[in-house]
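**Q** File entry.tsv follows (TSV, C-alpha atoms):
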chain	number	residue	atom	x	y	z
A	1	MET	CA	26.78	-8.61	45.80
A	2	VAL	CA	25.46	-7.04	42.60
A	3	LYS	CA	21.90	-5.78	42.77
A	4	ARG	CA	19.31	-7.59	40.69
A	5	ILE	CA	18.92	-5.87	37.34
A	6	ARG	CA	15.45	-4.67	36.42
A	7	ALA	CA	13.47	-7.14	34.37
A	8	ASN	CA	13.00	-5.03	31.24
A	9	ILE	CA	16.70	-4.33	30.84
A	10	ALA	CA	17.54	-7.95	31.46
A	11	ARG	CA	14.98	-9.12	28.91
A	12	GLY	CA	16.50	-7.02	26.15
A	13	SER	CA	19.92	-8.47	26.78
A	14	THR	CA	18.81	-12.10	26.98
A	15	GLU	CA	19.52	-12.74	23.33
A	16	LEU	CA	23.10	-11.48	23.61
A	17	VAL	CA	23.71	-13.40	26.82
A	18	ILE	CA	22.46	-16.71	25.44
A	19	LEU	CA	24.26	-16.39	22.11
A	20	SER	CA	27.52	-15.45	23.88
A	21	LEU	CA	27.33	-18.48	26.17
A	22	LEU	CA	26.54	-20.83	23.32
A	23	ALA	CA	29.45	-19.42	21.32
A	24	GLU	CA	31.73	-20.99	23.93
A	25	GLN	CA	30.15	-24.46	23.96
A	26	PRO	CA	26.81	-26.23	23.47
A	27	LEU	CA	24.68	-26.14	26.61
A	28	TYR	CA	21.22	-27.30	27.64
A	29	GLY	CA	18.58	-25.05	29.17
A	30	PHE	CA	19.29	-25.73	32.83
A	31	GLU	CA	23.04	-25.29	32.28
A	32	ILE	CA	22.43	-21.99	30.48
A	33	SER	CA	20.37	-20.63	33.37
A	34	ARG	CA	22.95	-21.74	35.93
A	35	ARG	CA	25.89	-20.38	33.90
A	36	ILE	CA	24.18	-16.99	33.62
A	37	GLU	CA	23.52	-16.86	37.35
A	38	GLU	CA	27.07	-17.88	38.26
A	39	ARG	CA	28.86	-15.57	35.82
A	40	THR	CA	26.81	-12.54	36.82
A	41	GLU	CA	26.96	-13.36	40.53
A	42	GLY	CA	23.20	-13.54	40.63
A	43	ALA	CA	22.59	-10.19	38.90
A	44	LEU	CA	20.89	-11.98	36.04
A	45	ARG	CA	18.61	-14.91	36.56
A	46	PHE	CA	16.47	-16.45	33.85
A	47	GLU	CA	13.59	-18.53	35.03
A	48	LEU	CA	12.23	-21.38	32.97
A	49	ALA	CA	9.30	-19.22	31.87
A	50	SER	CA	11.57	-16.66	30.22
A	51	LEU	CA	14.48	-18.87	29.15
A	52	TYR	CA	12.70	-21.46	26.99
A	53	PRO	CA	10.50	-19.04	25.03
A	54	MET	CA	13.72	-17.16	24.19
A	55	LEU	CA	15.53	-20.36	23.19
A	56	TYR	CA	12.63	-21.44	20.98
A	57	ASP	CA	12.48	-17.99	19.44
A	58	LEU	CA	16.21	-18.10	18.68
A	59	GLU	CA	15.78	-21.58	17.24
A	60	ARG	CA	12.87	-20.50	15.05
A	61	ARG	CA	15.00	-17.64	13.73
A	62	GLY	CA	17.78	-20.10	12.90
A	63	LEU	CA	20.33	-18.64	15.33
A	64	VAL	CA	20.60	-21.73	17.53
A	65	LYS	CA	19.96	-25.43	17.02
A	66	GLY	CA	18.74	-27.88	19.66
A	67	GLN	CA	19.81	-31.51	19.68
A	68	TRP	CA	19.11	-34.28	22.20
A	69	GLN	CA	22.25	-35.72	23.76
A	70	THR	CA	23.07	-37.62	26.90
A	71	ASN	CA	24.68	-35.51	29.60
A	72	SER	CA	27.36	-36.48	32.14
A	73	THR	CA	24.76	-38.00	34.50
A	74	GLY	CA	23.38	-40.22	31.73
A	75	ARG	CA	20.20	-38.22	31.20
A	76	ASP	CA	18.90	-37.00	27.88
A	77	ARG	CA	19.04	-33.23	27.56
A	78	ARG	CA	18.46	-30.91	24.64
A	79	TYR	CA	21.77	-29.19	23.92
A	80	TYR	CA	21.73	-25.89	22.09
A	81	SER	CA	24.56	-24.77	19.85
A	82	LEU	CA	25.09	-21.73	17.67
A	83	THR	CA	24.33	-22.09	13.98
A	84	PRO	CA	26.52	-20.34	11.36
A	85	LYS	CA	23.79	-17.68	11.19
A	86	GLY	CA	23.92	-17.26	14.96
A	87	LYS	CA	27.69	-16.85	14.83
A	88	THR	CA	27.47	-14.09	12.23
A	89	GLN	CA	24.69	-12.40	14.19
A	90	LEU	CA	26.67	-12.32	17.43
A	91	ALA	CA	29.41	-9.89	16.39
A	92	PRO	CA	27.06	-7.05	15.28
A	93	LEU	CA	24.89	-7.69	18.35
A	94	ARG	CA	27.92	-7.26	20.60
A	95	ARG	CA	28.90	-4.06	18.77
A	96	GLU	CA	25.36	-2.76	19.12
A	97	TRP	CA	25.35	-3.34	22.88
A	98	ARG	CA	28.85	-1.87	23.24
A	99	SER	CA	27.71	1.31	21.48
A	100	PHE	CA	24.61	1.35	23.66
A	101	PHE	CA	26.67	1.15	26.85
A	102	GLN	CA	29.13	3.77	25.59
A	103	ALA	CA	26.24	6.10	24.78
A	104	LEU	CA	24.68	5.42	28.16
A	105	ASP	CA	28.02	6.06	29.82
A	106	CYS	CA	28.37	9.43	28.05
A	107	LEU	CA	24.91	10.44	29.18
A	108	ALA	CA	24.61	8.93	32.60
A	109	GLY	CA	28.16	8.04	33.62
A	110	VAL	CA	27.12	4.49	34.38
A	111	SER	CA	30.69	3.18	34.54
A	112	ASP	CA	31.43	5.41	37.56
A	113	ALA	CA	28.27	4.38	39.38
B	1	MET	CA	10.14	-37.81	42.68
B	2	PRO	CA	7.13	-36.80	40.58
B	3	ASP	CA	6.76	-37.79	36.93
B	4	TRP	CA	7.78	-34.40	35.56
B	5	ASN	CA	6.90	-35.30	32.01
B	6	ALA	CA	3.32	-36.14	32.90
B	7	LEU	CA	3.05	-33.12	35.18
B	8	VAL	CA	4.22	-30.64	32.51
B	9	GLN	CA	2.06	-32.26	29.85
B	10	GLU	CA	-1.05	-32.21	32.02
B	11	ARG	CA	-0.62	-28.59	33.18
B	12	LEU	CA	0.36	-27.13	29.82
B	13	ARG	CA	-2.49	-28.86	28.03
B	14	ALA	CA	-4.89	-27.65	30.66
B	15	ALA	CA	-3.59	-24.09	30.19
B	16	ASP	CA	-3.62	-24.04	26.40
B	17	PRO	CA	-5.02	-27.26	24.88
B	18	PRO	CA	-4.39	-26.87	21.14
B	19	SER	CA	-0.76	-25.79	21.39
B	20	PHE	CA	0.91	-28.55	23.29
B	21	GLU	CA	1.07	-31.64	21.22
B	22	GLU	CA	4.81	-31.42	21.03
B	23	ALA	CA	6.32	-34.17	23.16
B	24	GLU	CA	9.81	-32.79	22.64
B	25	MET	CA	9.01	-29.45	24.27
B	26	ILE	CA	7.24	-31.14	27.15
B	27	ALA	CA	10.22	-33.47	27.68
B	28	GLU	CA	12.63	-30.53	27.68
B	29	LEU	CA	10.64	-28.53	30.22
B	30	ALA	CA	10.21	-31.63	32.37
B	31	ALA	CA	13.97	-32.21	32.26
B	32	HIS	CA	14.57	-28.65	33.44
B	33	LEU	CA	12.17	-29.10	36.36
B	34	GLU	CA	13.82	-32.40	37.18
B	35	ASP	CA	17.23	-30.68	37.32
B	36	LEU	CA	15.84	-27.92	39.54
B	37	TYR	CA	14.31	-30.53	41.83
B	38	GLU	CA	17.54	-32.54	42.00
B	39	GLU	CA	19.51	-29.39	42.76
B	40	SER	CA	17.22	-28.45	45.63
B	41	ARG	CA	17.29	-31.99	47.00
B	42	GLY	CA	21.09	-31.91	46.78
B	43	LYS	CA	21.04	-28.84	49.00
B	44	GLY	CA	19.12	-30.81	51.61
B	45	MET	CA	15.60	-29.55	50.87
B	46	CYS	CA	12.73	-31.90	51.64
B	47	GLU	CA	10.82	-33.42	48.71
B	48	SER	CA	7.70	-31.26	48.92
B	49	ASP	CA	9.74	-28.05	49.22
B	50	ALA	CA	11.95	-29.11	46.31
B	51	ILE	CA	8.87	-29.72	44.15
B	52	GLY	CA	7.46	-26.35	45.18
B	53	GLN	CA	10.77	-24.67	44.39
B	54	ALA	CA	10.90	-26.25	40.91
B	55	LEU	CA	7.32	-25.34	40.11
B	56	GLY	CA	7.95	-21.80	41.35
B	57	ASP	CA	10.21	-21.31	38.33
B	58	ILE	CA	7.19	-21.67	36.05
B	59	GLY	CA	5.30	-18.68	37.40
B	60	GLY	CA	1.89	-19.28	35.81
B	61	TRP	CA	1.18	-22.16	33.44
B	62	ARG	CA	-1.13	-20.07	31.30
B	63	GLY	CA	1.46	-17.33	30.89
B	64	LEU	CA	4.16	-19.90	30.05
B	65	ALA	CA	1.87	-21.59	27.54
B	66	GLY	CA	1.24	-18.26	25.78
B	67	LYS	CA	4.94	-17.37	25.68
B	68	LEU	CA	5.88	-20.77	24.31
B	69	ARG	CA	3.18	-20.66	21.67
B	70	ARG	CA	4.32	-17.25	20.48
B	71	ALA	CA	7.99	-18.25	20.51
B	72	ARG	CA	7.38	-21.50	18.64
B	73	GLY	CA	4.85	-20.23	16.14
B	74	GLY	CA	5.83	-16.62	16.21
B	75	GLU	CA	2.71	-15.74	14.17
B	76	GLU	CA	1.12	-13.15	16.44
B	77	THR	CA	4.25	-11.24	17.32
B	78	MET	CA	5.80	-11.53	13.89
B	79	ASN	CA	2.65	-10.34	12.14
B	80	TYR	CA	2.30	-7.43	14.52
B	81	GLN	CA	5.96	-6.48	14.27
B	82	SER	CA	6.11	-6.76	10.49
B	83	MET	CA	2.88	-4.81	10.15
B	84	ASN	CA	4.21	-2.15	12.47
B	85	ARG	CA	7.50	-2.06	10.62
B	86	ARG	CA	5.80	-1.91	7.21
B	87	THR	CA	3.63	0.95	8.40
B	88	LYS	CA	6.66	2.92	9.56
B	89	THR	CA	8.94	2.18	6.63
B	90	LEU	CA	6.49	2.15	3.73
B	91	TRP	CA	2.93	3.30	4.31
B	92	LEU	CA	3.66	6.37	6.39
B	93	PRO	CA	6.54	7.76	4.25
B	94	GLY	CA	4.55	6.94	1.11
B	95	LEU	CA	1.38	8.64	2.31
B	96	ILE	CA	3.29	11.70	3.50
B	97	GLY	CA	4.98	11.95	0.08
B	98	LEU	CA	1.64	11.54	-1.69
B	99	THR	CA	-0.11	14.16	0.45
B	100	ALA	CA	2.72	16.67	0.07
B	101	SER	CA	2.87	16.13	-3.69
B	102	MET	CA	-0.91	16.55	-4.09
B	103	VAL	CA	-1.03	19.66	-1.90
B	104	TRP	CA	1.79	21.16	-3.94
B	105	LEU	CA	-0.10	20.32	-7.17
B	106	MET	CA	-3.22	22.00	-5.81
B	107	ILE	CA	-1.28	25.13	-4.81
B	108	LEU	CA	0.32	25.39	-8.25
B	109	GLN	CA	-3.00	24.94	-10.05
B	110	ARG	CA	-4.74	27.52	-7.91
B	111	ALA	CA	-1.93	29.99	-8.41
B	112	THR	CA	-1.78	29.70	-12.18
B	113	LEU	CA	-5.30	28.84	-13.29
B	114	LYS	CA	-7.68	31.56	-12.06
B	115	PRO	CA	-10.70	32.59	-14.16
B	116	SER	CA	-9.87	36.23	-13.39
B	117	MET	CA	-6.58	35.98	-15.19
B	118	PRO	CA	-6.19	37.65	-18.59
B	119	GLY	CA	-7.34	35.60	-21.57
B	120	PRO	CA	-3.99	35.52	-23.37
B	121	TRP	CA	-2.40	34.02	-20.24
B	122	LEU	CA	-5.12	31.43	-19.83
B	123	HIS	CA	-5.08	30.39	-23.46
B	124	SER	CA	-1.33	30.32	-23.86
B	125	GLY	CA	0.74	27.32	-22.95
B	126	LEU	CA	2.19	29.30	-20.03
B	127	ALA	CA	-0.97	28.73	-17.99
B	128	TYR	CA	-0.08	25.06	-17.90
B	129	MET	CA	3.41	25.66	-16.60
B	130	TRP	CA	2.12	24.38	-13.26
B	131	TYR	CA	2.43	20.83	-14.55
B	132	LEU	CA	6.05	21.30	-15.57
B	133	VAL	CA	6.92	22.96	-12.26
B	134	TRP	CA	5.13	20.17	-10.39
B	135	LEU	CA	6.92	17.50	-12.43
B	136	ILE	CA	10.34	19.09	-11.90
B	137	SER	CA	9.70	19.31	-8.15
B	138	GLN	CA	8.77	15.60	-7.84
B	139	PRO	CA	12.35	14.46	-7.08
B	140	LEU	CA	12.06	16.40	-3.82
B	141	PHE	CA	9.02	14.36	-2.79
B	142	GLY	CA	10.70	11.16	-3.91
B	143	ALA	CA	13.76	12.02	-1.83
B	144	ALA	CA	11.50	12.88	1.15
B	145	GLY	CA	9.78	9.47	0.90
B	146	ALA	CA	13.14	7.68	0.76
B	147	TYR	CA	14.47	9.77	3.67
B	148	LEU	CA	11.46	9.00	5.89
B	149	SER	CA	11.63	5.33	5.04
B	150	ARG	CA	15.37	5.17	5.75
B	151	ARG	CA	14.91	7.01	9.03
B	152	ALA	CA	12.38	4.37	10.08
B	153	GLY	CA	14.86	1.62	9.23
B	154	GLY	CA	13.53	0.61	5.80
B	155	GLU	CA	15.45	-1.61	3.41
B	156	ARG	CA	16.64	-0.33	0.04
B	157	LEU	CA	13.68	-1.69	-1.93
B	158	THR	CA	11.20	-0.33	0.62
B	159	GLU	CA	12.88	3.08	0.46
B	160	LEU	CA	12.54	3.16	-3.33
B	161	ILE	CA	8.90	2.03	-3.20
B	162	ALA	CA	8.18	4.71	-0.57
B	163	SER	CA	9.71	7.34	-2.86
B	164	LEU	CA	7.66	6.06	-5.82
B	165	PHE	CA	4.44	5.78	-3.79
B	166	PRO	CA	2.59	8.89	-5.18
B	167	ALA	CA	3.03	7.62	-8.76
B	168	ILE	CA	1.87	4.12	-7.76
B	169	VAL	CA	-1.31	5.56	-6.24
B	170	MET	CA	-1.91	7.71	-9.30
B	171	PHE	CA	-1.45	4.68	-11.54
B	172	GLY	CA	-4.01	2.86	-9.41
B	173	VAL	CA	-6.46	5.74	-9.78
B	174	TRP	CA	-5.84	5.78	-13.54
B	175	VAL	CA	-6.54	2.04	-13.82
B	176	VAL	CA	-9.81	2.44	-11.90
B	177	LEU	CA	-10.85	5.38	-14.10
B	178	VAL	CA	-10.05	3.51	-17.28
B	179	ALA	CA	-11.98	0.48	-16.04
B	180	CYS	CA	-15.00	2.70	-15.26
B	181	ILE	CA	-14.79	4.35	-18.67
B	182	VAL	CA	-14.55	1.03	-20.48
B	183	VAL	CA	-17.51	-0.41	-18.58
B	184	THR	CA	-19.80	2.60	-18.87
B	185	ARG	CA	-19.06	4.36	-22.14
B	186	TYR	CA	-16.70	2.25	-24.20
B	187	SER	CA	-18.17	3.35	-27.58
B	188	HIS	CA	-17.51	7.03	-26.77
B	189	VAL	CA	-13.86	6.64	-25.88
B	190	SER	CA	-12.73	3.81	-28.10
B	191	HIS	CA	-11.33	6.31	-30.58
B	192	GLN	CA	-9.57	8.27	-27.80
B	193	TRP	CA	-7.23	5.63	-26.48
B	194	PRO	CA	-4.11	7.70	-27.24
B	195	LEU	CA	-5.46	10.38	-24.88
B	196	VAL	CA	-6.28	7.80	-22.24
B	197	PHE	CA	-2.76	6.43	-22.39
B	198	ALA	CA	-1.33	9.95	-22.38
B	199	GLY	CA	-3.05	10.30	-19.00
B	200	ALA	CA	-1.02	7.40	-17.66
B	201	LEU	CA	2.14	8.87	-19.13
B	202	PHE	CA	1.64	12.37	-17.67
B	203	TRP	CA	0.16	11.39	-14.30
B	204	SER	CA	1.99	8.21	-13.49
B	205	VAL	CA	4.97	7.33	-15.68
B	206	LEU	CA	6.67	10.74	-15.85
B	207	PRO	CA	6.01	11.62	-12.17
B	208	GLY	CA	7.14	8.10	-11.29
B	209	LEU	CA	10.45	8.55	-13.06
B	210	SER	CA	10.87	11.95	-11.47
B	211	LEU	CA	10.09	10.61	-7.97
B	212	LEU	CA	12.38	7.66	-8.47
B	213	LEU	CA	15.17	9.95	-9.57
B	214	GLY	CA	14.83	11.92	-6.31
B	215	GLY	CA	14.72	8.79	-4.19
B	216	PHE	CA	17.63	7.23	-6.00
B	217	LEU	CA	19.78	10.37	-5.78
B	218	TYR	CA	19.05	10.71	-2.07
B	219	LEU	CA	19.99	7.10	-1.36
B	220	LYS	CA	23.09	7.38	-3.54
B	221	THR	CA	24.34	10.50	-1.71
B	222	GLN	CA	23.62	8.85	1.65
B	223	ASN	CA	25.56	5.75	0.69
B	224	LEU	CA	28.46	7.85	-0.57
B	225	ALA	CA	28.47	9.90	2.63
B	226	ARG	CA	28.45	6.73	4.70
B	227	SER	CA	31.33	5.11	2.77
As structure tokens, what does this structure read like?
**A**
Amino acid sequence: MVKRIRANIARGSTELVILSLLAEQPLYGFEISRRIEERTEGALRFELASLYPMLYDLERRGLVKGQWQTNSTGRDRRYYSLTPKGKTQLAPLRREWRSFFQALDCLAGVSDA
Amino acid sequence: MPDWNALVQERLRAADPPSFEEAEMIAELAAHLEDLYEESRGKGMCESDAIGQALGDIGGWRGLAGKLRRARGGEETMNYQSMNRRTKTLWLPGLIGLTASMVWLMILQRATLKPSMPGPWLHSGLAYMWYLVWLISQPLFGAAGAYLSRRAGGERLTELIASLFPAIVMFGVWVVLVACIVVTRYSHVSHQWPLVFAGALFWSVLPGLSLLLGGFLYLKTQNLARS
């Protein structure tokens, strides 16, 4: 079991996490939070209070777009998908985080920890 | 099962009345709580525990209301961030360039214009070499402004404005002086306009070009080095 990551580190990576998930397929808020929890084996968990402000912020910045659709259970949910701007933003964001982890690895040897 | 829509609407409006007129946001948050509730019920949790579990995801309604308002409107954070960014990329580099340039001007004047100096020196054009030296050294201050702005993450236009900043301030001072002169003693200076405009040329236009040259050369060499 992976230890829970400290909140401030997790917060900074939220944008990358959400954009990466939405690059695969459109998802609604609850699905996003569950996907994150499953994929990270519980290391990352976004509660409603941190997830939606981030989604609205991304939407305001034109990186994602929300649209009401009916889900598999017949309920209306707001599905988020990446906009063209979001797609172009994702690649440099990934590079930035990769460099950050490489730098951190050089300094603190995090990959061996 | 509770009416999640009504619950979210009631609690958010109570926490932050003016911000939550948006039915869409309320419906979305209610849907999330409904999914959480359903999930807990699916795991065999009793109704009251499932409701408690769903509401536990909110934390505090007031805190959530504030976060949502900022995320939707973005005014407070954006204004603060852009102000902070502008300070770091423009105002600070500009003011440092201006201060350094003025201190250098003062040093040059004090070094070359002393009353104790011999008359021939004071009355010859050489005594005013300080201006030429100051003007020639301006590209350094322009480059410094551009460097500080770039280091703080400024964009190209901001970097150039930061390098030009001392000349912009001097132009502002010149405009104020001219306005004062025109208002107070227009009849005395009306025949001296060429001199007044020469002031703008020597204290704003020429230093501006010199500063801009420094800033431009610095940015050019940086871009070449990067490519």
**Q** Residues proximal to (27.8, -15.8, 31.5) were defined as those with any atom within 7 Å of that point in the file's coordinates, counting all atoms listed in the file. Which are they, as a PDB file with C-alpha atoms, in the frame of the given file?
**A**
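Full text of part-v6.pdb as output:
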ATOM      1  CA  VAL A  17      23.710 -13.400  26.820  1.00  0.00           C
ATOM      2  CA  LEU A  21      27.330 -18.480  26.170  1.00  0.00           C
ATOM      3  CA  ARG A  35      25.890 -20.380  33.900  1.00  0.00           C
ATOM      4  CA  ILE A  36      24.180 -16.990  33.620  1.00  0.00           C
ATOM      5  CA  ARG A  39      28.860 -15.570  35.820  1.00  0.00           C
ATOM      6  CA  THR A  40      26.810 -12.540  36.820  1.00  0.00           C
TER       7      THR A  40
END
**Q** Identify all chain A residues at most 12 Å from chain B by counting all atoms listed in the file; ligands do not count. Present them as a ChimeraX atom specification.
**A** /A:28-34,45-62,66-71,73,75-80
**Q** Suppose you want the space between CA of Val64 (chain A) and CA of Ser81 (chain A); what is it in Å?
**A**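 Separating CA of Val64 (chain A) from CA of Ser81 (chain A) is a distance of 5.5 Å.
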**Q** Could you check the closest approach to Glu96 (chain A) for each of A:Leu22, A:Leu44, A:Leu16, A:Leu63 and tell me which residue wins, using all atoms listed in the file?
**A**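 Of A:Leu22, A:Leu44, A:Leu16, A:Leu63, the one nearest Glu96 (chain A), counting all atoms listed in the file, is A:Leu16.
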**Q** State, in Å with one decimal place, the distance from CA of Ile181 (chain B) to CA of Ile168 (chain B).
**A**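 Result for CA of Ile181 (chain B) versus CA of Ile168 (chain B): 19.9 Å, one decimal.
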**Q** Please compute the CA of Lys88 (chain B)-CA of Glu15 (chain A) distance, one decimal, in Å.
**A**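 According to the coordinates, CA of Lys88 (chain B) and CA of Glu15 (chain A) are separated by 24.5 Å.
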**Q** Which residue out of B:Leu7, B:Leu177, B:Ile51, B:Leu160 has the minimum interatomic distance to Val196 (chain B) when all atoms listed in the file are used?
**A**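 Closest to Val196 (chain B) of all the choices is B:Leu177.
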**Q** Could you tell me which of B:Met45, B:Met129, B:Leu12, B:Leu98 comes closest to Leu211 (chain B) if we count all atoms listed in the file?
**A** B:Leu98
**Q** Using only C-alpha atoms and a cutoff of 8 Å, can you tell me which residues are near (12.6, -28.5, 44.8) in the file's coordinates, and write them out as a list in words?
**A**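 The requested residues, written out, are Leu36, Tyr37, Glu38, Glu39, Ser40, Arg41, Met45, Cys46, Glu47, Ser48, Asp49, Ala50, Ile51, Gly52, Gln53, Ala54 and Leu55 of chain B.
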**Q** Restricting the calculation to only C-alpha atoms: of A:Glu38, A:Lys65, A:Ala43, A:Thr14, which residue gets closest to Lys85 (chain A)?
**A**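 Using only C-alpha atoms, Lys85 (chain A) sits closest to A:Lys65.
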